[in-house]
file entry.txt (compact mmCIF, C-alpha atoms)
# COMPACT_ATOMS: atom_id res chain seq x y z
CA MET A 949 0.00 0.00 0.00
CA SER A 950 1.45 3.36 -1.01
CA GLU A 951 1.99 6.18 1.47
CA PRO A 952 -0.60 9.01 1.45
CA THR A 953 0.64 11.96 -0.61
CA SER A 954 -1.77 14.58 0.62
CA ARG A 955 -1.26 16.53 3.80
CA TYR A 956 -3.11 18.85 6.14
CA ALA A 957 -2.60 22.59 6.23
CA LEU A 958 -4.16 23.89 9.40
CA ASP A 959 -2.59 27.34 9.09
CA ASN A 960 -5.62 28.91 7.41
CA ILE A 961 -8.45 27.58 9.54
CA ASN A 962 -10.19 29.35 12.41
CA VAL A 963 -10.68 27.49 15.66
CA LEU A 964 -12.68 28.48 18.73
CA VAL A 965 -11.77 26.79 22.02
CA LEU A 966 -14.44 26.77 24.73
CA ASP A 967 -13.33 25.55 28.15
CA ASP A 968 -13.94 27.01 31.61
CA ASN A 969 -10.51 25.87 32.77
CA ARG A 970 -7.94 28.44 31.68
CA HIS A 971 -5.08 25.96 31.87
CA MET A 972 -6.86 23.58 29.52
CA ARG A 973 -7.58 26.45 27.14
CA SER A 974 -3.90 27.39 27.17
CA LEU A 975 -2.83 23.79 26.67
CA VAL A 976 -5.16 23.27 23.71
CA GLN A 977 -3.99 26.57 22.23
CA SER A 978 -0.34 25.52 22.59
CA ILE A 979 -1.01 22.23 20.83
CA LEU A 980 -2.98 23.93 18.05
CA HIS A 981 -0.23 26.51 17.51
CA SER A 982 2.33 23.74 17.23
CA LEU A 983 0.14 21.96 14.67
CA GLY A 984 0.14 25.13 12.59
CA VAL A 985 -3.21 26.71 13.52
CA LYS A 986 -2.81 30.48 13.61
CA ASN A 987 -6.31 31.82 14.14
CA ILE A 988 -7.53 30.72 17.55
CA ARG A 989 -10.08 32.38 19.77
CA GLU A 990 -11.02 31.23 23.20
CA ALA A 991 -14.01 31.54 25.49
CA ALA A 992 -14.51 30.59 29.14
CA ASP A 993 -18.26 30.04 29.00
CA ALA A 994 -20.95 29.07 26.52
CA ALA A 995 -22.59 32.49 26.34
CA ALA A 996 -19.29 34.20 25.53
CA ALA A 997 -18.51 31.54 22.90
CA PHE A 998 -21.91 31.94 21.25
CA LYS A 999 -21.39 35.69 21.13
CA GLU A 1000 -17.89 35.25 19.71
CA LEU A 1001 -19.28 33.11 16.89
CA GLN A 1002 -21.44 36.01 15.72
CA HIS A 1003 -18.32 37.72 14.35
CA PHE A 1004 -15.61 35.03 14.30
CA LEU A 1005 -16.04 32.63 11.37
CA ALA A 1006 -14.90 29.48 13.12
CA ASP A 1007 -14.16 26.41 10.97
CA VAL A 1008 -13.96 24.09 13.97
CA LEU A 1009 -15.14 24.34 17.58
CA ILE A 1010 -13.38 22.53 20.42
CA VAL A 1011 -15.79 22.37 23.34
CA ASP A 1012 -15.34 21.11 26.87
CA TRP A 1013 -18.34 19.28 28.32
CA HIS A 1014 -18.35 20.04 32.03
CA MET A 1015 -19.04 23.75 32.47
CA GLU A 1016 -21.49 25.99 34.29
CA PRO A 1017 -24.07 27.45 34.00
CA LEU A 1018 -24.50 26.05 30.47
CA ASP A 1019 -22.52 22.90 29.82
CA GLY A 1020 -20.87 21.84 26.58
CA LEU A 1021 -23.90 19.87 25.43
CA ASP A 1022 -26.19 22.84 25.97
CA PHE A 1023 -23.79 24.89 23.87
CA VAL A 1024 -23.72 22.30 21.06
CA ARG A 1025 -27.53 22.24 20.98
CA LEU A 1026 -27.53 26.03 20.88
CA VAL A 1027 -25.12 26.13 17.95
CA ARG A 1028 -27.06 23.46 16.05
CA THR A 1029 -30.58 24.71 16.61
CA ALA A 1030 -30.75 28.35 17.78
CA LYS A 1031 -32.37 30.68 15.25
CA ASP A 1032 -29.55 33.19 15.64
CA SER A 1033 -26.76 30.60 15.39
CA ALA A 1034 -24.03 31.92 13.10
CA ASN A 1035 -23.14 28.48 11.73
CA PRO A 1036 -25.32 25.49 12.70
CA TYR A 1037 -23.15 23.14 10.60
CA VAL A 1038 -19.75 23.96 12.06
CA PRO A 1039 -17.78 20.79 12.98
CA ILE A 1040 -17.57 20.32 16.73
CA ILE A 1041 -15.00 18.34 18.70
CA MET A 1042 -16.18 17.53 22.23
CA LEU A 1043 -13.32 17.47 24.71
CA THR A 1044 -14.11 15.70 27.96
CA GLY A 1045 -13.23 13.37 30.77
CA TYR A 1046 -16.59 11.63 30.30
CA THR A 1047 -16.30 8.48 28.22
CA GLU A 1048 -19.17 6.39 29.58
CA TYR A 1049 -21.44 4.84 26.95
CA GLY A 1050 -24.55 6.86 27.84
CA ARG A 1051 -22.63 10.12 27.80
CA VAL A 1052 -21.06 9.48 24.40
CA VAL A 1053 -24.49 8.67 22.94
CA GLU A 1054 -25.85 11.88 24.48
CA ALA A 1055 -23.03 13.91 22.90
CA ARG A 1056 -23.58 12.21 19.55
CA ASP A 1057 -27.28 12.95 19.64
CA ALA A 1058 -26.66 16.59 20.50
CA GLY A 1059 -24.71 16.97 17.23
CA VAL A 1060 -21.07 16.44 18.18
CA ASN A 1061 -18.88 15.40 15.22
CA GLU A 1062 -15.86 14.10 17.09
CA PHE A 1063 -15.22 13.13 20.67
CA LEU A 1064 -11.79 13.59 22.23
CA ALA A 1065 -11.25 11.95 25.58
CA LYS A 1066 -9.02 13.60 28.15
CA PRO A 1067 -6.18 13.33 28.90
CA ILE A 1068 -5.53 14.64 25.42
CA SER A 1069 -2.49 13.97 23.30
CA ALA A 1070 -1.23 15.95 20.32
CA ARG A 1071 -1.75 12.95 18.05
CA ALA A 1072 -5.34 12.42 19.17
CA LEU A 1073 -6.21 16.08 18.56
CA TYR A 1074 -4.46 16.06 15.17
CA GLN A 1075 -6.36 12.90 14.21
CA ARG A 1076 -9.70 14.47 15.11
CA PHE A 1077 -8.93 17.38 12.77
CA ALA A 1078 -7.89 14.94 10.03
CA SER A 1079 -11.15 13.04 10.47
CA ILE A 1080 -13.24 16.20 10.21
CA ILE A 1081 -11.33 17.39 7.14
CA ASP A 1082 -11.41 14.02 5.36
CA ASN A 1083 -15.00 13.11 6.22
CA PRO A 1084 -17.33 16.08 5.80
CA ARG A 1085 -20.82 14.90 6.72
CA PRO A 1086 -24.19 16.03 5.49
CA PHE A 1087 -26.76 16.88 8.13
CA ILE A 1088 -30.07 15.18 8.73
CA LYS A 1089 -32.96 17.34 9.81
CA THR A 1090 -36.30 16.05 11.06
CA LYS A 1091 -38.84 17.55 13.42
CA SER A 1092 -36.92 16.19 16.40
CA TYR A 1093 -33.41 15.69 15.09
CA PHE A 1094 -30.71 17.88 13.59
CA ASP A 1095 -27.32 16.23 13.53
CA PRO A 1096 -24.41 15.16 11.36
CA ASP A 1097 -25.35 12.07 9.34
CA ARG A 1098 -23.70 8.98 10.78
CA ARG A 1099 -24.90 6.46 8.22
CA ARG A 1100 -21.73 6.51 6.15
CA GLN A 1101 -20.17 3.78 8.21
CA ASN A 1102 -22.98 2.06 10.02
CA LEU A 1103 -21.09 -0.97 11.20
CA GLY A 1104 -22.91 -1.29 14.50
CA ALA A 1105 -21.35 -0.99 17.88
CA PRO A 1106 -18.33 -3.15 18.72
CA ARG A 1107 -18.79 -5.96 21.20
CA GLY A 1108 -17.43 -3.98 24.16
CA VAL A 1109 -19.90 -1.21 23.49
CA GLN A 1110 -22.81 -3.64 23.24
CA GLU A 1111 -21.94 -4.98 26.66
CA ARG A 1112 -21.71 -1.46 28.09
CA ARG A 1113 -25.02 -0.56 26.48
CA LYS A 1114 -26.56 -3.49 28.33
CA ASP A 1115 -24.87 -2.30 31.53
CA ALA A 1116 -26.20 1.21 30.96
CA GLN A 1117 -29.72 -0.11 30.40
CA GLU A 1118 -29.49 -2.18 33.53
CA GLY A 1119 -27.94 0.66 35.48
CA THR A 1120 -24.71 -1.22 36.10
CA GLY A 1121 -21.13 -0.59 35.00
CA SER A 1122 -19.44 2.76 34.60
CA ASP A 1123 -16.27 1.93 32.68
CA GLY A 1124 -15.28 4.46 30.05
CA LEU A 1125 -15.12 3.59 26.38
CA SER A 1126 -11.87 3.45 24.47
CA GLN A 1127 -11.31 6.07 21.77
CA SER A 1128 -11.98 3.48 19.02
CA GLU A 1129 -15.27 2.46 20.66
CA VAL A 1130 -16.24 6.12 20.88
CA GLU A 1131 -15.41 6.59 17.18
CA SER A 1132 -17.52 3.59 16.29
CA LEU A 1133 -20.48 5.08 18.14
CA LEU A 1134 -19.98 8.40 16.38
CA GLY A 1135 -19.87 6.58 13.05
CA GLY A 1136 -16.52 8.10 12.11
CA MET B 1197 -40.28 11.81 2.84
CA ALA B 1198 -40.79 15.51 3.36
CA ASP B 1199 -40.27 15.01 7.09
CA VAL B 1200 -36.58 14.19 6.63
CA GLU B 1201 -34.23 16.66 5.05
CA PHE B 1202 -30.63 15.91 4.07
CA ILE B 1203 -28.52 19.01 4.05
CA GLN B 1204 -25.24 18.86 2.15
CA THR B 1205 -23.16 21.60 3.72
CA PRO B 1206 -20.30 23.34 1.89
CA ASN B 1207 -16.95 21.79 2.81
CA THR B 1208 -15.31 24.79 4.38
CA LEU B 1209 -12.36 22.69 5.45
CA ARG B 1210 -11.23 21.85 1.92
CA LYS B 1211 -8.75 24.70 2.37
CA ALA B 1212 -7.09 22.70 5.15
CA LYS B 1213 -6.00 19.88 2.84
CA ILE B 1214 -3.32 19.85 0.18
CA GLY B 1215 -3.77 17.02 -2.29
CA SER B 1216 -6.51 14.41 -2.29
CA GLY B 1217 -7.18 11.14 -0.52
CA PRO B 1218 -6.40 10.44 3.12
CA GLY B 1219 -3.78 12.83 4.38
CA LYS B 1220 -0.60 12.13 6.24
CA LEU B 1221 0.00 13.47 9.73
CA ASP B 1222 3.15 15.58 9.76
CA LYS B 1223 5.54 13.88 12.18
CA ASN B 1224 7.55 17.06 12.71
CA LEU B 1225 4.46 19.06 13.68
CA LEU B 1226 3.39 16.25 15.99
CA ALA B 1227 6.80 16.24 17.65
CA GLU B 1228 6.53 20.03 18.10
CA ALA B 1229 3.09 19.65 19.64
CA GLU B 1230 4.31 16.93 22.01
CA LYS B 1231 7.13 19.25 23.04
CA ALA B 1232 4.60 22.02 23.66
CA ILE B 1233 2.66 19.72 26.00
CA GLU B 1234 5.85 18.81 27.79
CA ALA B 1235 6.86 22.45 28.20
CA PHE B 1236 3.39 23.34 29.41
CA GLY B 1237 3.52 20.49 31.91
CA GLU B 1238 6.67 21.87 33.54
CA GLY B 1239 4.50 24.39 35.37
CA PHE B 1240 1.81 21.84 36.18
CA THR B 1241 2.70 21.36 39.84
CA ASP B 1242 2.59 25.15 40.34
CA TRP B 1243 -0.64 26.01 38.59
CA ILE B 1244 -2.42 22.94 39.91
CA GLN B 1245 -1.87 24.29 43.43
CA GLU B 1246 -4.88 26.60 43.13
CA ASP B 1247 -7.08 23.63 42.20
CA LEU B 1248 -5.73 21.60 45.12
CA ASP B 1249 -6.45 24.46 47.53
CA ASN B 1250 -9.98 24.82 46.14
CA MET B 1251 -10.44 21.07 46.41
CA GLU B 1252 -9.41 21.13 50.06
CA ALA B 1253 -11.74 24.09 50.71
CA ALA B 1254 -14.65 22.20 49.14
CA ARG B 1255 -13.85 19.10 51.18
CA LEU B 1256 -13.79 21.19 54.35
CA GLN B 1257 -17.17 22.72 53.46
CA LEU B 1258 -18.57 19.22 52.95
CA SER B 1259 -17.24 18.06 56.30
CA GLN B 1260 -18.90 21.06 57.97
CA GLY B 1261 -22.14 20.64 56.04
CA GLU B 1262 -21.69 24.10 54.57
CA ASN B 1263 -23.40 24.65 51.21
CA PRO B 1264 -22.92 20.93 50.40
CA GLU B 1265 -24.44 20.99 46.92
CA ARG B 1266 -22.06 23.73 45.74
CA ALA B 1267 -19.09 22.11 47.49
CA LEU B 1268 -19.87 18.73 45.90
CA ALA B 1269 -20.15 20.31 42.45
CA ASP B 1270 -16.83 22.16 42.90
CA LEU B 1271 -15.06 19.07 44.14
CA TYR B 1272 -16.42 17.00 41.27
CA ARG B 1273 -15.35 19.58 38.68
CA ILE B 1274 -11.81 19.76 40.05
CA ALA B 1275 -11.55 15.96 40.22
CA LEU B 1276 -12.71 15.75 36.60
CA ASP B 1277 -10.08 18.34 35.58
CA LEU B 1278 -7.36 16.42 37.42
CA LYS B 1279 -8.45 13.20 35.74
CA GLY B 1280 -8.15 14.96 32.39
CA GLN B 1281 -4.81 16.62 33.04
CA GLY B 1282 -2.64 14.25 35.09
CA THR B 1283 -1.57 11.83 32.38
CA SER B 1284 -0.94 14.64 29.87
CA PHE B 1285 1.74 15.97 32.21
CA GLY B 1286 3.27 12.71 33.37
CA TYR B 1287 1.16 12.18 36.49
CA ASP B 1288 -0.84 9.06 35.64
CA VAL B 1289 -1.73 8.45 39.29
CA VAL B 1290 -3.38 11.89 39.50
CA SER B 1291 -5.59 10.94 36.54
CA ALA B 1292 -6.37 7.59 38.15
CA VAL B 1293 -7.25 9.15 41.52
CA GLY B 1294 -9.32 11.86 39.80
CA GLY B 1295 -11.11 9.15 37.81
CA SER B 1296 -11.78 7.10 40.92
CA LEU B 1297 -13.17 10.15 42.73
CA THR B 1298 -15.43 11.24 39.85
CA ASP B 1299 -16.77 7.69 39.45
CA PHE B 1300 -17.48 7.58 43.17
CA MET B 1301 -19.08 11.02 43.34
CA LEU B 1302 -21.20 10.98 40.19
CA PRO B 1303 -24.10 8.87 41.55
CA ILE B 1304 -24.09 10.89 44.80
CA LYS B 1305 -24.09 14.15 42.86
CA GLU B 1306 -26.85 13.02 40.51
CA ALA B 1307 -28.99 11.71 43.34
CA GLY B 1308 -28.57 15.03 45.16
CA THR B 1309 -27.97 13.29 48.48
CA THR B 1310 -25.64 14.48 51.21
CA LEU B 1311 -22.49 12.54 51.99
CA THR B 1312 -22.51 9.93 54.72
CA PRO B 1313 -19.52 10.01 57.10
CA LEU B 1314 -18.06 7.01 55.28
CA GLN B 1315 -18.49 8.69 51.90
CA LEU B 1316 -16.81 11.80 53.29
CA GLU B 1317 -13.90 9.61 54.37
CA VAL B 1318 -13.59 8.35 50.82
CA VAL B 1319 -13.49 11.91 49.49
CA THR B 1320 -10.93 12.91 52.13
CA ALA B 1321 -8.76 9.93 51.25
CA HIS B 1322 -8.79 10.88 47.56
CA VAL B 1323 -7.89 14.50 48.27
CA GLY B 1324 -5.07 13.33 50.53
CA ALA B 1325 -3.86 10.88 47.89
CA ILE B 1326 -3.64 13.62 45.26
CA ARG B 1327 -1.64 15.81 47.64
CA ALA B 1328 0.64 12.85 48.40
CA VAL B 1329 1.28 12.24 44.70
CA PHE B 1330 2.55 15.79 44.29
CA SER B 1331 4.47 16.00 47.55
CA GLU B 1332 6.19 12.67 46.83
CA GLU B 1333 6.53 13.53 43.12
CA LEU B 1334 5.02 10.24 42.07
CA LYS B 1335 5.30 10.62 38.33
CA GLY B 1336 4.29 8.02 35.76
CA ASP B 1337 2.47 5.06 37.32
CA GLY B 1338 3.80 6.12 40.72
CA GLY B 1339 5.70 2.87 41.28
CA ALA B 1340 4.89 0.74 44.31
CA THR B 1341 3.75 3.75 46.37
CA GLY B 1342 1.40 4.94 43.66
CA GLN B 1343 -0.09 1.49 43.22
CA ALA B 1344 -0.52 1.09 46.99
CA LEU B 1345 -2.37 4.41 47.09
CA LEU B 1346 -4.70 3.36 44.28
CA ASN B 1347 -5.32 -0.07 45.82
CA GLY B 1348 -6.12 1.55 49.16
CA LEU B 1349 -8.59 3.94 47.53
CA ALA B 1350 -10.22 1.09 45.61
CA ARG B 1351 -10.76 -0.81 48.88
CA ILE B 1352 -12.45 2.08 50.69
CA VAL B 1353 -14.61 2.85 47.66
CA VAL B 1354 -15.86 -0.76 47.66
CA LYS B 1355 -16.51 -0.54 51.40
CA ALA B 1356 -18.43 2.75 51.12
CA ASN B 1357 -20.46 1.58 48.13
CA ALA B 1358 -21.35 -1.67 49.91
CA ALA B 1359 -22.47 0.30 52.96
CA SER B 1360 -24.60 2.62 50.79
CA ALA B 1361 -26.23 -0.37 49.08
CA ARG B 1362 -27.33 -1.83 52.41
call {"tool": "encode", "arguments": {"input": "entry.txt", "output": "structure tokens"}}
result
Amino acid sequence: MSEPTSRYALDNINVLVLDDNRHMRSLVQSILHSLGVKNIREAADAAAAFKELQHFLADVLIVDWHMEPLDGLDFVRLVRTAKDSANPYVPIIMLTGYTEYGRVVEARDAGVNEFLAKPISARALYQRFASIIDNPRPFIKTKSYFDPDRRRQNLGAPRGVQERRKDAQEGTGSDGLSQSEVESLLGG
Amino acid sequence: MADVEFIQTPNTLRKAKIGSGPGKLDKNLLAEAEKAIEAFGEGFTDWIQEDLDNMEAARLQLSQGENPERALADLYRIALDLKGQGTSFGYDVVSAVGGSLTDFMLPIKEAGTTLTPLQLEVVTAHVGAIRAVFSEELKGDGGATGQALLNGLARIVVKANAASAR
């Protein structure tokens, strides 16, 4: 198999980082700078991020989950469905320490494109960008649903996930999913 | 099927790719980014101090029954942050202790119940363990001391959960 000849050029994309922890924001910014991203804005809460998006044309959002008063999921829903949302289709990477089955499904259903489990690594973040760039997804809109289409690779959940789904339904088990299991759930 | 609409959005990220087909991750950029994480992590033990102080303050509030809902939420948030940061900066045991504490606290937080004395002991033990990791500089998997800490925490978590289930 021949080596890929194409490459990523992140120097001309705009990224908004939303995290209430200033150290995490700085860390993500440092990684993004090193990967070549030049245009980065940051916000410490969902309201500020939503306001920022009214005049900053973000190509990708990196959003932490656990925040107050609005959490990351509330923010994703706002971006996807609010009438005054500047870009309901913008790709969103959810950054979080939550990797339990039920939580990943919740994030998926809120309209998250990619899920990046903490602790983050440079490679994992780079790969999430590559996935978003290589696999642009159409959106599906129904009366009750407005999300990136996940049918492209509907292979079903891997065995480990099926077992966790059963645990979640029965209210037992809290083990986090691996990144590959998360990706399978997201259909990426 | 007028009820379902497929919306093909413009690919605004085409500008971020040179060439076609799956791209190749640039190893040099990755190495730079790993170095950036490493450099950032050099200050970890300093800037984490504020979180540790806030964690201790929240634990104290819980022990005194002072604004327990707020204190529990603060403690949970800090534990979740520690879980997410430790391994990035070479402190795997901090991530493990943070993970153990968030797993333990989540059902209590979601149920909105107050901590029993035994549950408070579990929280106190976790906070103490995180402080010990930094004071003893237990980097990586923490060696025998780190593993003993984690095993000890696992035992008291089992004990507290069994007591709560009774």
call {"tool": "closest_residue", "arguments": {"input": "entry.txt", "among": "A:Leu975, A:Leu966, A:Val1053, A:Met1042", "to": "chain B", "atoms": "only C-alpha atoms"}}
result
A:Leu975
call {"tool": "residues_around", "arguments": {"input": "entry.txt", "residues": "range 1269-1278 of chain B", "least_positions_apart": "2", "cutoff": "8 Å", "atoms": "all atoms listed in the file", "output": "list in words"}}
result
His1014 and Gly1045 of chain A; Asp1247, Asn1250, Met1251, Ala1254, Arg1255, Glu1265, Arg1266, Ala1267, Gly1280, Gln1281, Gly1282, Val1290, Ser1291, Gly1294, Gly1295, Leu1297, Thr1298, Met1301, Leu1302 and Lys1305 of chain B
call {"tool": "closest_atom_pairs", "arguments": {"input": "entry.txt", "of": "chain A", "to": "chain B", "cutoff": "6 Å", "atoms": "all atoms listed in the file", "output": "Markdown table"}}
result
| residue | atom | partner | partner_atom | distance |
| --- | --- | --- | --- | --- |
| A:Pro952 | CA | B:Lys1220 | CA | 5.7 |
| A:Ser954 | CA | B:Gly1215 | CA | 4.3 |
| A:Arg955 | CA | B:Gly1219 | CA | 4.5 |
| A:Tyr956 | CA | B:Lys1213 | CA | 4.5 |
| A:Ala957 | CA | B:Ala1212 | CA | 4.6 |
| A:Leu958 | CA | B:Ala1212 | CA | 5.3 |
| A:Ile979 | CA | B:Ala1229 | CA | 5.0 |
| A:Ser982 | CA | B:Ala1229 | CA | 4.8 |
| A:Leu983 | CA | B:Leu1225 | CA | 5.3 |
| A:Gly1045 | CA | B:Gly1280 | CA | 5.6 |
| A:Lys1066 | CA | B:Gly1280 | CA | 4.5 |
| A:Pro1067 | CA | B:Gly1280 | CA | 4.3 |
| A:Ala1070 | CA | B:Ala1229 | CA | 5.7 |
| A:Ile1081 | CA | B:Leu1209 | CA | 5.7 |
| A:Pro1086 | CA | B:Gln1204 | CA | 4.5 |
| A:Phe1087 | CA | B:Ile1203 | CA | 4.9 |
| A:Ile1088 | CA | B:Phe1202 | CA | 4.7 |
| A:Lys1089 | CA | B:Glu1201 | CA | 5.0 |
| A:Thr1090 | CA | B:Val1200 | CA | 4.8 |
call {"tool": "residues_around", "arguments": {"input": "entry.txt", "residues": "range 997-1005 of chain A", "least_positions_apart": "2", "cutoff": "8 Å", "atoms": "all atoms listed in the file", "output": "list in words"}}
result
Asn962, Leu964, Leu966, Glu990, Ala991, Ala992, Asp993, Ala994, Ala995, Asp1007, Phe1023, Val1027, Ser1033, Ala1034 and Asn1035 of chain A
call {"tool": "axis_aligned_box", "arguments": {"input": "entry.txt", "around": "range 1048-1054 of chain A", "padding_each_side": "5 Å", "output": "lines of an AutoDock Vina configuration file"}}
result
center_x = -22.5
center_y = 8.4
center_z = 26.3
size_x = 16.7
size_y = 17.0
size_z = 16.6
call {"tool": "closest_residue", "arguments": {"input": "entry.txt", "among": "A:Ala1058, A:Leu1009, A:Ile1041, A:Met972", "to": "Gln1075 in chain A", "atoms": "all atoms listed in the file"}}
result
A:Ile1041
call {"tool": "atom_distance", "arguments": {"input": "entry.txt", "atom1": "CA of Tyr1046 in chain A", "atom2": "CA of Trp1013 in chain A"}}
result
8.1 Å
call {"tool": "residues_around", "arguments": {"input": "entry.txt", "residues": "range 1323-1325 of chain B", "least_positions_apart": "2", "cutoff": "10 Å", "atoms": "only C-alpha atoms", "output": "ChimeraX atom specification"}}
result
/B:1248,1251-1252,1255,1271,1275,1289-1290,1293-1294,1297,1317-1321,1327-1331,1342,1345-1346,1348-1349
call {"tool": "residues_around", "arguments": {"input": "entry.txt", "residues": "Val976 in chain A", "least_positions_apart": "2", "cutoff": "9 Å", "atoms": "only C-alpha atoms", "output": "VMD selection string"}}
result
(chain A and resid 965 971 to 974 978 to 981 1010 1068 1070 1073) or (chain B and resid 1233)
call {"tool": "closest_residue", "arguments": {"input": "entry.txt", "among": "B:Gly1286, B:Leu1268, B:Ile1304, B:His1322", "to": "Gly1239 in chain B", "atoms": "all atoms listed in the file"}}
result
B:Gly1286
call {"tool": "residues_around", "arguments": {"input": "entry.txt", "residues": "Val1060 in chain A", "least_positions_apart": "6", "cutoff": "8 Å", "atoms": "only C-alpha atoms", "output": "compact mmCIF listing (two decimals) with C-alpha atoms, in the coordinates of the input"}}
result
# COMPACT_ATOMS: atom_id res chain seq x y z
CA VAL A 1024 -23.72 22.30 21.06
CA PRO A 1039 -17.78 20.79 12.98
CA ILE A 1040 -17.57 20.32 16.73
CA ILE A 1041 -15.00 18.34 18.70
CA MET A 1042 -16.18 17.53 22.23
CA ASP A 1095 -27.32 16.23 13.53
CA PRO A 1096 -24.41 15.16 11.36
call {"tool": "atom_distance", "arguments": {"input": "entry.txt", "atom1": "CA of Arg989 in chain A", "atom2": "CA of Asn960 in chain A"}}
result
13.6 Å
call {"tool": "atom_distance", "arguments": {"input": "entry.txt", "atom1": "CA of Asp1337 in chain B", "atom2": "CA of Leu1064 in chain A"}}
result
22.4 Å
call {"tool": "closest_residue", "arguments": {"input": "entry.txt", "among": "A:Met1015, A:Ile961, A:Ala1065, A:Val1038", "to": "Ile988 in chain A", "atoms": "all atoms listed in the file"}}
result
A:Ile961
call {"tool": "decode", "arguments": {"input": "entry.txt", "residues": "range 1031-1088 of chain A", "atoms": "C-alpha atoms", "output": "short mmCIF file (atom, residue, chain, number, x, y, z; two decimals), in the first residue's frame"}}
result
data_model
loop_
_atom_site.label_atom_id
_atom_site.label_comp_id
_atom_site.auth_asym_id
_atom_site.auth_seq_id
_atom_site.Cartn_x
_atom_site.Cartn_y
_atom_site.Cartn_z
CA LYS A 1031 -32.37 30.68 15.25
CA ASP A 1032 -29.55 33.19 15.64
CA SER A 1033 -26.76 30.60 15.39
CA ALA A 1034 -24.03 31.92 13.10
CA ASN A 1035 -23.14 28.48 11.73
CA PRO A 1036 -25.32 25.49 12.70
CA TYR A 1037 -23.15 23.14 10.60
CA VAL A 1038 -19.75 23.96 12.06
CA PRO A 1039 -17.78 20.79 12.98
CA ILE A 1040 -17.57 20.32 16.73
CA ILE A 1041 -15.00 18.34 18.70
CA MET A 1042 -16.18 17.53 22.23
CA LEU A 1043 -13.32 17.47 24.71
CA THR A 1044 -14.11 15.70 27.96
CA GLY A 1045 -13.23 13.37 30.77
CA TYR A 1046 -16.59 11.63 30.30
CA THR A 1047 -16.30 8.48 28.22
CA GLU A 1048 -19.17 6.39 29.58
CA TYR A 1049 -21.44 4.84 26.95
CA GLY A 1050 -24.55 6.86 27.84
CA ARG A 1051 -22.63 10.12 27.80
CA VAL A 1052 -21.06 9.48 24.40
CA VAL A 1053 -24.49 8.67 22.94
CA GLU A 1054 -25.85 11.88 24.48
CA ALA A 1055 -23.03 13.91 22.90
CA ARG A 1056 -23.58 12.21 19.55
CA ASP A 1057 -27.28 12.95 19.64
CA ALA A 1058 -26.66 16.59 20.50
CA GLY A 1059 -24.71 16.97 17.23
CA VAL A 1060 -21.07 16.44 18.18
CA ASN A 1061 -18.88 15.40 15.22
CA GLU A 1062 -15.86 14.10 17.09
CA PHE A 1063 -15.22 13.13 20.67
CA LEU A 1064 -11.79 13.59 22.23
CA ALA A 1065 -11.25 11.95 25.58
CA LYS A 1066 -9.02 13.60 28.15
CA PRO A 1067 -6.18 13.33 28.90
CA ILE A 1068 -5.53 14.64 25.42
CA SER A 1069 -2.49 13.97 23.30
CA ALA A 1070 -1.23 15.95 20.32
CA ARG A 1071 -1.75 12.95 18.05
CA ALA A 1072 -5.34 12.42 19.17
CA LEU A 1073 -6.21 16.08 18.56
CA TYR A 1074 -4.46 16.06 15.17
CA GLN A 1075 -6.36 12.90 14.21
CA ARG A 1076 -9.70 14.47 15.11
CA PHE A 1077 -8.93 17.38 12.77
CA ALA A 1078 -7.89 14.94 10.03
CA SER A 1079 -11.15 13.04 10.47
CA ILE A 1080 -13.24 16.20 10.21
CA ILE A 1081 -11.33 17.39 7.14
CA ASP A 1082 -11.41 14.02 5.36
CA ASN A 1083 -15.00 13.11 6.22
CA PRO A 1084 -17.33 16.08 5.80
CA ARG A 1085 -20.82 14.90 6.72
CA PRO A 1086 -24.19 16.03 5.49
CA PHE A 1087 -26.76 16.88 8.13
CA ILE A 1088 -30.07 15.18 8.73
#
